[in-house]
Structures are given as C-alpha cells and as structure tokens.
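Participant: Take this structure first; my questions come after.
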Amino acid sequence: MASEAREQELLDNMWERIAPLVPPHPPHDKGGHPWEDDKTCFAGIVYQLRNAIRWQDMPSCFTSGSTCWRRFRDWTQAGIWPAVWKIVLRELEEAGLLDTKELFLDATFAEARKGGLASAPQNVALA
C-alpha cells in the first residue's frame with residue numbers, strides 16, 4: 001500500500017508540472033462523447049511508457065489504450081514533451097542535481113541490436 005501511495009504522489013507531482021502545458025480541448029460541434037480527463041490519460045501514458053506495453057494492452061484500471069495513444073499523439077504534436085523536458089532540466093539544475101560532464105542528444109551512435117553493421121543483402125525475389 002505504501003508503494004501505491006508513493007506512486008500516486010509521484011504521478012500527482014508530475015501532473016502539476018504538465019497540466020499548465022496541456023492545451024484546452026476544442027468543443028464538440030455535434031455533442032458527442034465528453035473528453036476523457038487529461039490527468040487520467042496522463043496516468044495511462046506514464047504507465048505505458050514505464051512498462052513498455054502495447055497501447056491496446058493497457059490494464060482496465062486506466063482509460064482505453066487508444067484514448068491514451070491519441071492524447072499522447074496530440075500532446076506530442078502540441079510540443080508538450082520538449083517543454084516538459086526543459087522543466088525537468090531546470091528543476092534538476094536549480095537543485096544542483098544536473099551533471100553536465102557528459103551529455104548526449106540522441107543514441108544514433110549505438111550499434112544495431114542484431115549486430116548488423118551494414119544493410120542486409122537485397123532479396124532477389126523482390127527485384
């Protein structure tokens with residue numbers, strides 16, 4: 001129980017930082033189903049990313065995986081994640097916890113997982 005309470009506290013703290021960045025939902029022109037709560041979708045997104053599951057395998061305690069995926073897509077298009085990253089970096093720097101001795105922008109330097117260093121030979125049947 002203590003770990004669940006701690007998880008909820010961490011989720012609440014993360015949501016406090018993200019909520020101001022979330023754009024308002026456009027009104028439904030023809031009525032329709034009301035928007036799912038943003039915080040609920042955020043919890044599902046965090047769960048999916050932390051557990052590396054497929055969106056359609058989202059546990060029933062969260063809103064549907066497709067709803068979480070659409071919200072993730074919309075927030076990605078709105079540029080929320082880079083803004084969140086800047087907030088996290090600023091908070092770490094202010095707390096003296098940001099170590100900038102070694103930084104990487106991406107991981108394109110990593111070798112292929114299956115050990116391939118060159119492109120596979122072209123399939124003659126497809127040519």
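In the structure tokens, chains take the letters A, B, ... in the order shown, each chain's residues start at 1, and ligands count up from 1 in the order shown.
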Residues at most 10 Å from Val88 (chain A), counting only C-alpha atoms, excluding those fewer than 6 positions away in the same chain, as number ranges by chain?
Facilitator: A: 14, 17, 82, 94, 98
Participant: Which residue out of A:Pro24, A:Ile80, A:His33, A:Gln48 has the minimum interatomic distance to Ser66 (chain A) when only C-alpha atoms are used?
Facilitator: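 For Ser66 (chain A), the nearest of the given residues is A:Gln48.
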Participant: I'd like to know which of A:Cys68, A:Val84, A:Leu10, A:Met58 is closest to Asp37 (chain A), using only C-alpha atoms.
Facilitator: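 Smallest distance to Asp37 (chain A) is found for A:Cys68.
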Participant: Could you list, as an MDAnalysis selection string, every residue within 8 Å of His25 (chain A), counting only C-alpha atoms and ignoring same-chain residues fewer than 2 positions away?
Facilitator: chainID A and resid 23 27 35
Participant: Counting only C-alpha atoms, figure out which residue out of A:Ser3, A:Thr63, A:Thr100, A:Thr40 gets nearest to Trp15 (chain A).
Facilitator: A:Thr40
Participant: I need the residues in chain A that are helix (DSSP H, G or I) according to DSSP; give them as an NGL selection string.
Facilitator: :A and (2-21 or 38-51 or 55-57 or 65-77 or 80-94 or 124-126)
Participant: My list of candidates is A:Leu92, A:Cys41, A:Ile18, A:Ile53. Which is closest to Arg70 (chain A) when distances are computed with only C-alpha atoms?
Facilitator: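 Selected residue with least distance to Arg70 (chain A): A:Cys41.
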Participant: I'd like to know which of A:Leu49, A:Glu102, A:Gln77, A:Asp38 is closest to Pro20 (chain A), using only C-alpha atoms.
Facilitator: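 The answer is A:Asp38, which sits nearest to Pro20 (chain A).
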Participant: In Å to one decimal, how far is CA of Arg71 (chain A) from CA of Leu21 (chain A)?
Facilitator: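 Computing it gives 13.2 Å between the two atoms.
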Participant: Between CA of Ser64 (chain A) and CA of Gly44 (chain A), what distance in Å does the model show, to one decimal?
Facilitator: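 According to the coordinates, CA of Ser64 (chain A) and CA of Gly44 (chain A) are separated by 8.3 Å.
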